[in-house]
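**Q** Input structure: final_36.cif, which contains mmCIF, N, CA and C atoms.
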data_final
#
loop_
_atom_site.label_atom_id
_atom_site.label_comp_id
_atom_site.auth_asym_id
_atom_site.auth_seq_id
_atom_site.Cartn_x
_atom_site.Cartn_y
_atom_site.Cartn_z
N GLN A 1311 144.07 67.81 137.78
CA GLN A 1311 144.98 66.90 137.09
C GLN A 1311 144.20 66.03 136.11
N VAL A 1312 144.69 65.96 134.88
CA VAL A 1312 143.99 65.19 133.85
C VAL A 1312 144.19 63.70 134.11
N GLN A 1313 143.10 62.98 134.00
CA GLN A 1313 143.16 61.52 134.12
C GLN A 1313 142.47 60.89 132.92
N LEU A 1314 143.10 59.85 132.40
CA LEU A 1314 142.50 59.05 131.33
C LEU A 1314 142.36 57.63 131.87
N VAL A 1315 141.14 57.15 131.91
CA VAL A 1315 140.89 55.81 132.45
C VAL A 1315 140.43 54.92 131.31
N GLU A 1316 141.28 53.95 130.98
CA GLU A 1316 141.00 53.02 129.89
C GLU A 1316 140.44 51.71 130.44
N SER A 1317 139.61 51.08 129.65
CA SER A 1317 139.10 49.77 130.04
C SER A 1317 138.71 49.00 128.78
N GLY A 1318 138.55 47.69 128.95
CA GLY A 1318 138.02 46.87 127.87
C GLY A 1318 138.98 45.91 127.21
N GLY A 1319 140.25 45.97 127.57
CA GLY A 1319 141.20 45.04 126.96
C GLY A 1319 141.00 43.63 127.48
N GLY A 1320 141.71 42.69 126.87
CA GLY A 1320 141.63 41.32 127.32
C GLY A 1320 142.04 40.34 126.24
N LEU A 1321 141.72 39.08 126.50
CA LEU A 1321 142.04 38.00 125.57
C LEU A 1321 140.81 37.65 124.75
N VAL A 1322 140.98 37.54 123.46
CA VAL A 1322 139.87 37.20 122.58
C VAL A 1322 140.37 36.30 121.47
N GLN A 1323 139.52 35.43 120.99
CA GLN A 1323 139.90 34.53 119.91
C GLN A 1323 139.86 35.27 118.57
N PRO A 1324 140.63 34.80 117.61
CA PRO A 1324 140.57 35.40 116.27
C PRO A 1324 139.14 35.42 115.75
N GLY A 1325 138.76 36.53 115.16
CA GLY A 1325 137.40 36.70 114.68
C GLY A 1325 136.46 37.30 115.70
N GLY A 1326 136.92 37.41 116.92
CA GLY A 1326 136.09 37.95 117.99
C GLY A 1326 136.07 39.47 118.03
N SER A 1327 135.39 39.99 119.05
CA SER A 1327 135.21 41.43 119.18
C SER A 1327 135.55 41.89 120.59
N LEU A 1328 135.99 43.13 120.67
CA LEU A 1328 136.20 43.80 121.95
C LEU A 1328 135.87 45.26 121.78
N THR A 1329 135.47 45.89 122.87
CA THR A 1329 135.26 47.34 122.86
C THR A 1329 136.12 47.98 123.94
N LEU A 1330 136.94 48.92 123.53
CA LEU A 1330 137.76 49.68 124.46
C LEU A 1330 137.06 51.01 124.76
N SER A 1331 137.25 51.49 125.97
CA SER A 1331 136.74 52.82 126.30
C SER A 1331 137.81 53.60 127.05
N CYS A 1332 137.73 54.91 126.94
CA CYS A 1332 138.67 55.80 127.61
C CYS A 1332 137.92 57.04 128.04
N ALA A 1333 137.88 57.26 129.34
CA ALA A 1333 137.18 58.42 129.89
C ALA A 1333 138.20 59.44 130.38
N ALA A 1334 138.04 60.67 129.92
CA ALA A 1334 138.95 61.75 130.29
C ALA A 1334 138.29 62.67 131.31
N SER A 1335 139.08 63.09 132.27
CA SER A 1335 138.55 64.02 133.27
C SER A 1335 139.66 64.92 133.78
N GLY A 1336 139.27 66.01 134.41
CA GLY A 1336 140.23 66.85 135.10
C GLY A 1336 140.75 68.06 134.36
N SER A 1337 140.29 68.29 133.11
CA SER A 1337 140.78 69.45 132.37
C SER A 1337 139.67 70.48 132.20
N ILE A 1338 140.05 71.75 132.22
CA ILE A 1338 139.08 72.80 131.98
C ILE A 1338 139.01 73.17 130.51
N PHE A 1339 139.90 72.61 129.71
CA PHE A 1339 139.96 72.93 128.29
C PHE A 1339 139.10 71.97 127.46
N SER A 1340 138.76 72.41 126.27
CA SER A 1340 137.96 71.58 125.37
C SER A 1340 138.83 70.54 124.68
N ILE A 1341 138.21 69.43 124.36
CA ILE A 1341 138.90 68.35 123.67
C ILE A 1341 138.80 68.55 122.17
N ASN A 1342 139.95 68.51 121.49
CA ASN A 1342 139.97 68.59 120.03
C ASN A 1342 139.83 67.22 119.39
N ALA A 1343 140.64 66.31 119.84
CA ALA A 1343 140.66 64.99 119.23
C ALA A 1343 140.89 63.92 120.29
N MET A 1344 140.36 62.75 120.00
CA MET A 1344 140.57 61.59 120.87
C MET A 1344 140.95 60.43 119.96
N GLY A 1345 141.95 59.69 120.39
CA GLY A 1345 142.41 58.64 119.51
C GLY A 1345 142.91 57.42 120.25
N TRP A 1346 143.06 56.37 119.49
CA TRP A 1346 143.64 55.13 119.99
C TRP A 1346 144.89 54.80 119.19
N TYR A 1347 145.97 54.57 119.90
CA TYR A 1347 147.22 54.13 119.32
C TYR A 1347 147.48 52.72 119.83
N ARG A 1348 148.34 52.02 119.13
CA ARG A 1348 148.69 50.68 119.60
C ARG A 1348 150.15 50.39 119.37
N GLN A 1349 150.68 49.56 120.24
CA GLN A 1349 152.08 49.16 120.13
C GLN A 1349 152.18 47.67 120.30
N ALA A 1350 152.53 47.01 119.21
CA ALA A 1350 152.72 45.56 119.23
C ALA A 1350 154.13 45.23 119.74
N PRO A 1351 154.33 44.03 120.23
CA PRO A 1351 155.66 43.66 120.72
C PRO A 1351 156.73 43.85 119.66
N GLY A 1352 157.77 44.57 120.02
CA GLY A 1352 158.89 44.78 119.11
C GLY A 1352 158.65 45.80 118.02
N LYS A 1353 157.52 46.49 118.07
CA LYS A 1353 157.20 47.47 117.04
C LYS A 1353 156.97 48.85 117.65
N GLU A 1354 156.99 49.85 116.78
CA GLU A 1354 156.74 51.21 117.24
C GLU A 1354 155.24 51.44 117.43
N ARG A 1355 154.96 52.41 118.27
CA ARG A 1355 153.56 52.78 118.49
C ARG A 1355 153.00 53.40 117.21
N GLU A 1356 151.77 53.01 116.86
CA GLU A 1356 151.14 53.53 115.66
C GLU A 1356 149.71 53.96 115.95
N LEU A 1357 149.24 54.89 115.13
CA LEU A 1357 147.86 55.33 115.25
C LEU A 1357 146.94 54.24 114.72
N ALA A 1358 145.91 53.91 115.51
CA ALA A 1358 144.89 52.97 115.03
C ALA A 1358 143.69 53.74 114.49
N ALA A 1359 143.20 54.69 115.28
CA ALA A 1359 142.03 55.46 114.87
C ALA A 1359 141.96 56.75 115.66
N VAL A 1360 141.37 57.77 115.06
CA VAL A 1360 141.22 59.05 115.74
C VAL A 1360 139.88 59.67 115.34
N ILE A 1361 139.29 60.41 116.26
CA ILE A 1361 138.05 61.12 115.99
C ILE A 1361 138.23 62.55 116.48
N ILE A 1362 137.89 63.51 115.61
CA ILE A 1362 138.08 64.90 115.99
C ILE A 1362 136.76 65.51 116.46
N ARG A 1363 136.82 66.76 116.87
CA ARG A 1363 135.68 67.42 117.48
C ARG A 1363 134.44 67.39 116.59
N SER A 1364 134.64 67.53 115.30
CA SER A 1364 133.50 67.55 114.37
C SER A 1364 132.85 66.19 114.19
N GLY A 1365 133.56 65.16 114.64
CA GLY A 1365 133.05 63.80 114.45
C GLY A 1365 133.72 63.05 113.33
N SER A 1366 134.56 63.75 112.57
CA SER A 1366 135.29 63.07 111.49
C SER A 1366 136.26 62.06 112.09
N THR A 1367 136.43 60.98 111.35
CA THR A 1367 137.29 59.90 111.84
C THR A 1367 138.37 59.55 110.82
N MET A 1368 139.42 58.93 111.32
CA MET A 1368 140.48 58.44 110.46
C MET A 1368 140.98 57.14 111.04
N TYR A 1369 141.30 56.18 110.15
CA TYR A 1369 141.77 54.87 110.57
C TYR A 1369 143.03 54.50 109.81
N THR A 1370 143.88 53.74 110.47
CA THR A 1370 144.99 53.18 109.74
C THR A 1370 144.45 52.09 108.83
N ASP A 1371 145.11 51.87 107.71
CA ASP A 1371 144.57 50.97 106.69
C ASP A 1371 144.27 49.57 107.22
N SER A 1372 145.09 49.08 108.11
CA SER A 1372 144.96 47.69 108.56
C SER A 1372 143.71 47.45 109.40
N VAL A 1373 143.06 48.50 109.88
CA VAL A 1373 141.87 48.31 110.72
C VAL A 1373 140.59 48.82 110.05
N LYS A 1374 140.73 49.43 108.88
CA LYS A 1374 139.55 49.95 108.19
C LYS A 1374 138.55 48.84 107.91
N GLY A 1375 137.28 49.13 108.19
CA GLY A 1375 136.23 48.15 107.97
C GLY A 1375 136.04 47.18 109.12
N ARG A 1376 136.97 47.18 110.07
CA ARG A 1376 136.85 46.28 111.22
C ARG A 1376 136.70 47.04 112.54
N PHE A 1377 137.35 48.18 112.65
CA PHE A 1377 137.31 48.98 113.87
C PHE A 1377 136.42 50.20 113.65
N THR A 1378 135.73 50.61 114.71
CA THR A 1378 134.92 51.82 114.67
C THR A 1378 135.21 52.66 115.91
N ILE A 1379 135.61 53.90 115.69
CA ILE A 1379 135.86 54.81 116.81
C ILE A 1379 134.67 55.74 116.96
N SER A 1380 134.31 56.01 118.20
CA SER A 1380 133.20 56.92 118.47
C SER A 1380 133.48 57.66 119.77
N ARG A 1381 132.74 58.74 119.99
CA ARG A 1381 132.95 59.48 121.23
C ARG A 1381 131.63 59.98 121.78
N ASP A 1382 131.59 60.09 123.09
CA ASP A 1382 130.47 60.69 123.80
C ASP A 1382 130.98 62.00 124.39
N ASN A 1383 130.64 63.11 123.75
CA ASN A 1383 131.19 64.39 124.18
C ASN A 1383 130.73 64.78 125.58
N ALA A 1384 129.52 64.39 125.93
CA ALA A 1384 129.01 64.73 127.26
C ALA A 1384 129.80 64.03 128.36
N LYS A 1385 130.32 62.87 128.04
CA LYS A 1385 131.07 62.09 129.02
C LYS A 1385 132.57 62.17 128.81
N ASN A 1386 133.00 62.92 127.78
CA ASN A 1386 134.44 62.99 127.45
C ASN A 1386 135.04 61.59 127.33
N THR A 1387 134.32 60.73 126.65
CA THR A 1387 134.72 59.33 126.53
C THR A 1387 134.82 58.94 125.06
N VAL A 1388 135.85 58.18 124.76
CA VAL A 1388 136.04 57.66 123.41
C VAL A 1388 136.01 56.14 123.47
N TYR A 1389 135.43 55.55 122.43
CA TYR A 1389 135.28 54.11 122.34
C TYR A 1389 135.97 53.60 121.08
N LEU A 1390 136.42 52.36 121.15
CA LEU A 1390 136.94 51.70 119.97
C LEU A 1390 136.30 50.32 119.90
N GLN A 1391 135.37 50.16 118.97
CA GLN A 1391 134.75 48.87 118.74
C GLN A 1391 135.62 48.11 117.75
N MET A 1392 136.10 46.96 118.17
CA MET A 1392 137.01 46.18 117.35
C MET A 1392 136.35 44.85 117.00
N ASN A 1393 136.11 44.63 115.72
CA ASN A 1393 135.49 43.40 115.23
C ASN A 1393 136.46 42.63 114.36
N SER A 1394 136.14 41.38 114.12
CA SER A 1394 136.97 40.53 113.25
C SER A 1394 138.44 40.64 113.63
N LEU A 1395 138.70 40.50 114.90
CA LEU A 1395 140.07 40.68 115.38
C LEU A 1395 140.99 39.60 114.85
N LYS A 1396 142.23 40.01 114.59
CA LYS A 1396 143.25 39.12 114.05
C LYS A 1396 144.41 39.05 115.03
N PRO A 1397 145.20 37.99 114.97
CA PRO A 1397 146.37 37.91 115.86
C PRO A 1397 147.29 39.12 115.74
N GLU A 1398 147.37 39.69 114.55
CA GLU A 1398 148.24 40.86 114.37
C GLU A 1398 147.68 42.13 115.01
N ASP A 1399 146.47 42.07 115.54
CA ASP A 1399 145.93 43.20 116.31
C ASP A 1399 146.40 43.18 117.75
N THR A 1400 147.09 42.10 118.13
CA THR A 1400 147.61 42.00 119.48
C THR A 1400 148.58 43.14 119.76
N ALA A 1401 148.30 43.90 120.81
CA ALA A 1401 149.10 45.08 121.13
C ALA A 1401 148.61 45.68 122.43
N VAL A 1402 149.40 46.60 122.96
CA VAL A 1402 148.91 47.47 124.01
C VAL A 1402 148.26 48.67 123.33
N TYR A 1403 147.03 48.94 123.69
CA TYR A 1403 146.28 50.04 123.08
C TYR A 1403 146.27 51.22 124.05
N TYR A 1404 146.66 52.38 123.53
CA TYR A 1404 146.76 53.59 124.34
C TYR A 1404 145.75 54.62 123.85
N CYS A 1405 145.10 55.25 124.78
CA CYS A 1405 144.22 56.37 124.49
C CYS A 1405 145.03 57.66 124.52
N LYS A 1406 144.74 58.55 123.60
CA LYS A 1406 145.39 59.87 123.59
C LYS A 1406 144.33 60.93 123.39
N VAL A 1407 144.40 61.96 124.20
CA VAL A 1407 143.43 63.06 124.12
C VAL A 1407 144.18 64.36 123.87
N ASP A 1408 143.75 65.07 122.84
CA ASP A 1408 144.34 66.37 122.49
C ASP A 1408 143.36 67.48 122.89
N TYR A 1409 143.85 68.36 123.74
CA TYR A 1409 143.05 69.50 124.18
C TYR A 1409 143.46 70.75 123.42
N ASP A 1410 142.72 71.81 123.62
CA ASP A 1410 143.11 73.12 123.09
C ASP A 1410 144.48 73.51 123.61
N TYR A 1411 145.14 74.42 122.87
CA TYR A 1411 146.43 74.98 123.27
C TYR A 1411 147.56 73.96 123.23
N GLY A 1412 147.35 72.91 122.44
CA GLY A 1412 148.44 71.95 122.25
C GLY A 1412 148.67 70.98 123.37
N LEU A 1413 147.78 70.95 124.33
CA LEU A 1413 147.95 70.00 125.43
C LEU A 1413 147.47 68.62 125.01
N ASN A 1414 148.25 67.60 125.35
CA ASN A 1414 147.79 66.25 125.06
C ASN A 1414 148.24 65.30 126.16
N TYR A 1415 147.46 64.26 126.34
CA TYR A 1415 147.71 63.30 127.42
C TYR A 1415 147.49 61.89 126.91
N TRP A 1416 148.25 60.97 127.53
CA TRP A 1416 148.17 59.56 127.17
C TRP A 1416 147.63 58.74 128.34
N GLY A 1417 146.86 57.72 128.01
CA GLY A 1417 146.48 56.74 129.01
C GLY A 1417 147.63 55.78 129.27
N LYS A 1418 147.44 54.92 130.24
CA LYS A 1418 148.50 53.98 130.62
C LYS A 1418 148.54 52.76 129.71
N GLY A 1419 147.48 52.55 128.95
CA GLY A 1419 147.44 51.43 128.01
C GLY A 1419 146.65 50.25 128.54
N THR A 1420 146.05 49.54 127.61
CA THR A 1420 145.32 48.32 127.94
C THR A 1420 145.70 47.25 126.92
N LEU A 1421 145.98 46.06 127.40
CA LEU A 1421 146.48 44.99 126.54
C LEU A 1421 145.34 44.26 125.86
N VAL A 1422 145.47 44.11 124.56
CA VAL A 1422 144.55 43.30 123.76
C VAL A 1422 145.36 42.14 123.18
N THR A 1423 144.93 40.94 123.49
CA THR A 1423 145.59 39.74 122.99
C THR A 1423 144.61 38.94 122.16
N VAL A 1424 144.96 38.70 120.91
CA VAL A 1424 144.10 37.92 120.00
C VAL A 1424 144.80 36.59 119.75
N SER A 1425 144.24 35.54 120.30
CA SER A 1425 144.89 34.24 120.22
C SER A 1425 143.88 33.14 120.46
N SER A 1426 144.12 32.01 119.80
CA SER A 1426 143.26 30.85 120.02
C SER A 1426 143.86 29.94 121.08
#
Output the file's structure as structure tokens, nothing else.

**A**
Amino acid sequence: QVQLVESGGGLVQPGGSLTLSCAASGSIFSINAMGWYRQAPGKERELAAVIIRSGSTMYTDSVKGRFTISRDNAKNTVYLQMNSLKPEDTAVYYCKVDYDYGLNYWGKGTLVTVSS
């Protein structure tokens, strides 16, 4: 059974930093892409950042230059380094892992609150 274990959320002041991590386990298939989505209160879930097998990355415009996504293939773990956090970054952040054959799984989410 596939498990995604997220960690790293919490409360941080504007301008601060947090690092999220998501470790995937339990699948015999290879991982194609790993990403972080976020859902702010009253808004739809949106892609924040994604990293594919080759290492290429993509970011939503609002986080470019502030967030960095990376992955450790040996550990099947994806990280999201978030710097210069703003109140509008407040959201539940979800990890998503895409495996071969169209299989994908979501984490349960971790809350990031940016507030003074």

**Q** Name the residues that the PyMOL selection byres (((chain A and resi 1317-1319 and name CA) around 10) and name CA) picks from the file above, as a PyMOL selection string, using the file's chain letters and numbers.

**A** chain A and resi 1314-1316+1320-1322+1328-1333+1389-1391+1401-1403+1419-1423

**Q** If you run DSSP over the backbone, which residues in chain A end up strand (DSSP E)? Put them as JSON, numbers by chain.

**A** {"A": [1313, 1314, 1315, 1316, 1317, 1320, 1321, 1322, 1328, 1329, 1330, 1331, 1332, 1333, 1334, 1335, 1341, 1342, 1343, 1344, 1345, 1346, 1347, 1348, 1349, 1356, 1357, 1358, 1359, 1360, 1361, 1362, 1367, 1368, 1369, 1377, 1378, 1379, 1380, 1381, 1382, 1387, 1388, 1389, 1390, 1391, 1392, 1401, 1402, 1403, 1404, 1405, 1406, 1407, 1408, 1409, 1414, 1415, 1416, 1420, 1421, 1422, 1423, 1424]}

**Q** So that I can check the surroundings of Ser1335 (chain A), please list as a PyMOL selection string every protein, DNA and RNA residue that reaches within 6 Å of it, counting only C-alpha atoms and ignoring chain neighbours fewer than 2 positions away.

**A** chain A and resi 1312-1313+1337

**Q** Give me, please, the distance in Å between CA of Pro1351 (chain A) and CA of Gly1412 (chain A), quoted to one decimal.

**A**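 These atoms are spaced 29.2 Å apart.
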
**Q** Do you know which residues are at most 12 Å from Ser1366 (chain A) counting only C-alpha atoms, after dropping those on the same chain fewer than 3 positions away, and could you put them as number ranges by chain?

**A** A: 1342-1345, 1359-1363, 1369, 1378-1381

**Q** Write the residues of the selection above to a file with N, CA and C atoms, as a short mmCIF file (atom, residue, chain, number, x, y, z; two decimals), keeping the file's coordinate frame.

**A**
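Written output follows (again.cif):
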data_model
loop_
_atom_site.label_atom_id
_atom_site.label_comp_id
_atom_site.auth_asym_id
_atom_site.auth_seq_id
_atom_site.Cartn_x
_atom_site.Cartn_y
_atom_site.Cartn_z
N ASN A 1342 139.95 68.51 121.49
CA ASN A 1342 139.97 68.59 120.03
C ASN A 1342 139.83 67.22 119.39
N ALA A 1343 140.64 66.31 119.84
CA ALA A 1343 140.66 64.99 119.23
C ALA A 1343 140.89 63.92 120.29
N MET A 1344 140.36 62.75 120.00
CA MET A 1344 140.57 61.59 120.87
C MET A 1344 140.95 60.43 119.96
N GLY A 1345 141.95 59.69 120.39
CA GLY A 1345 142.41 58.64 119.51
C GLY A 1345 142.91 57.42 120.25
N ALA A 1359 143.20 54.69 115.28
CA ALA A 1359 142.03 55.46 114.87
C ALA A 1359 141.96 56.75 115.66
N VAL A 1360 141.37 57.77 115.06
CA VAL A 1360 141.22 59.05 115.74
C VAL A 1360 139.88 59.67 115.34
N ILE A 1361 139.29 60.41 116.26
CA ILE A 1361 138.05 61.12 115.99
C ILE A 1361 138.23 62.55 116.48
N ILE A 1362 137.89 63.51 115.61
CA ILE A 1362 138.08 64.90 115.99
C ILE A 1362 136.76 65.51 116.46
N ARG A 1363 136.82 66.76 116.87
CA ARG A 1363 135.68 67.42 117.48
C ARG A 1363 134.44 67.39 116.59
N TYR A 1369 141.30 56.18 110.15
CA TYR A 1369 141.77 54.87 110.57
C TYR A 1369 143.03 54.50 109.81
N THR A 1378 135.73 50.61 114.71
CA THR A 1378 134.92 51.82 114.67
C THR A 1378 135.21 52.66 115.91
N ILE A 1379 135.61 53.90 115.69
CA ILE A 1379 135.86 54.81 116.81
C ILE A 1379 134.67 55.74 116.96
N SER A 1380 134.31 56.01 118.20
CA SER A 1380 133.20 56.92 118.47
C SER A 1380 133.48 57.66 119.77
N ARG A 1381 132.74 58.74 119.99
CA ARG A 1381 132.95 59.48 121.23
C ARG A 1381 131.63 59.98 121.78
#

**Q** According to DSSP computed on the backbone, where in chain A is there helix (DSSP H, G or I)? Give the residues as a list in words.

**A** Asp1371, Ser1372, Val1373, Pro1397, Glu1398, Asp1399, Asp1410, Tyr1411 and Gly1412 of chain A

**Q** Which residues are close to Trp1346 (chain A), i.e. within 5 Å by only N, CA and C atoms, leaving aside same-chain residues fewer than 6 positions away? Reply as a short mmCIF file (atom, residue, chain, number, x, y, z; two decimals) with N, CA and C atoms, keeping the file's coordinate frame.

**A**
data_model
loop_
_atom_site.label_atom_id
_atom_site.label_comp_id
_atom_site.auth_asym_id
_atom_site.auth_seq_id
_atom_site.Cartn_x
_atom_site.Cartn_y
_atom_site.Cartn_z
N LEU A 1357 149.24 54.89 115.13
CA LEU A 1357 147.86 55.33 115.25
C LEU A 1357 146.94 54.24 114.72
N ALA A 1358 145.91 53.91 115.51
CA ALA A 1358 144.89 52.97 115.03
C ALA A 1358 143.69 53.74 114.49
N ALA A 1359 143.20 54.69 115.28
CA ALA A 1359 142.03 55.46 114.87
C ALA A 1359 141.96 56.75 115.66
N VAL A 1360 141.37 57.77 115.06
CA VAL A 1360 141.22 59.05 115.74
C VAL A 1360 139.88 59.67 115.34
N TYR A 1404 146.66 52.38 123.53
CA TYR A 1404 146.76 53.59 124.34
C TYR A 1404 145.75 54.62 123.85
N CYS A 1405 145.10 55.25 124.78
CA CYS A 1405 144.22 56.37 124.49
C CYS A 1405 145.03 57.66 124.52
N LYS A 1406 144.74 58.55 123.60
CA LYS A 1406 145.39 59.87 123.59
C LYS A 1406 144.33 60.93 123.39
#

**Q** Counting only C-alpha atoms, which residues sit no farther than 9 Å from the position (131.9, 66.7, 133.6) in the file's frame? I'd like them as a PyMOL selection string.

**A** chain A and resi 1335-1336+1384-1386

**Q** Could you jot down the CA of Ser1364 (chain A) to CA of Ser1340 (chain A) separation for me, Å, one decimal place?

**A**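 Separation between CA of Ser1364 (chain A) and CA of Ser1340 (chain A): 12.5 Å.
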
**Q** Interatomic distance between atom N of Thr1387 (chain A) and atom C of Ala1334 (chain A)?

**A**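 Separating atom N of Thr1387 (chain A) from atom C of Ala1334 (chain A) is a distance of 6.4 Å.
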
**Q** With distances taken over all atoms listed in the file, which residue among A:Val1373, A:Gly1417, A:Ser1426, A:Asp1408 lies nearest Ile1341 (chain A)?

**A**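 For Ile1341 (chain A), the nearest of the given residues is A:Asp1408.
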
**Q** Starting from the block above, write region 1377-1412 of chain A out to a file with C-alpha atoms, as a compact mmCIF listing (two decimals), in the first residue's frame, please.

**A**
# COMPACT_ATOMS: atom_id res chain seq x y z
CA PHE A 1377 10.18 28.34 -3.48
CA THR A 1378 12.54 25.55 -4.51
CA ILE A 1379 11.44 21.98 -5.13
CA SER A 1380 13.92 19.13 -5.02
CA ARG A 1381 13.88 15.37 -4.73
CA ASP A 1382 16.01 12.58 -3.37
CA ASN A 1383 15.40 9.66 -5.71
CA ALA A 1384 17.12 7.17 -3.43
CA LYS A 1385 14.72 8.05 -0.64
CA ASN A 1386 11.65 8.68 -2.84
CA THR A 1387 11.35 12.00 -1.05
CA VAL A 1388 10.42 15.43 -2.34
CA TYR A 1389 11.17 18.70 -0.59
CA LEU A 1390 9.77 22.19 -0.89
CA GLN A 1391 12.00 24.94 0.45
CA MET A 1392 9.85 28.01 0.97
CA ASN A 1393 11.53 31.38 1.54
CA SER A 1394 10.24 34.92 1.86
CA LEU A 1395 6.86 33.57 2.88
CA LYS A 1396 3.85 35.83 2.55
CA PRO A 1397 0.45 35.70 4.26
CA GLU A 1398 -1.05 34.68 0.92
CA ASP A 1399 1.05 31.50 1.03
CA THR A 1400 -1.13 30.33 3.91
CA ALA A 1401 -2.71 27.07 2.80
CA VAL A 1402 -2.83 23.34 3.27
CA TYR A 1403 0.02 21.92 1.21
CA TYR A 1404 -0.48 18.51 -0.37
CA CYS A 1405 2.13 16.20 -1.80
CA LYS A 1406 1.25 14.33 -4.99
CA VAL A 1407 3.25 11.50 -6.51
CA ASP A 1408 2.74 10.25 -10.06
CA TYR A 1409 3.91 6.73 -10.80
CA ASP A 1410 4.16 4.82 -14.05
CA TYR A 1411 0.93 3.56 -15.64
CA GLY A 1412 -1.04 6.61 -14.59
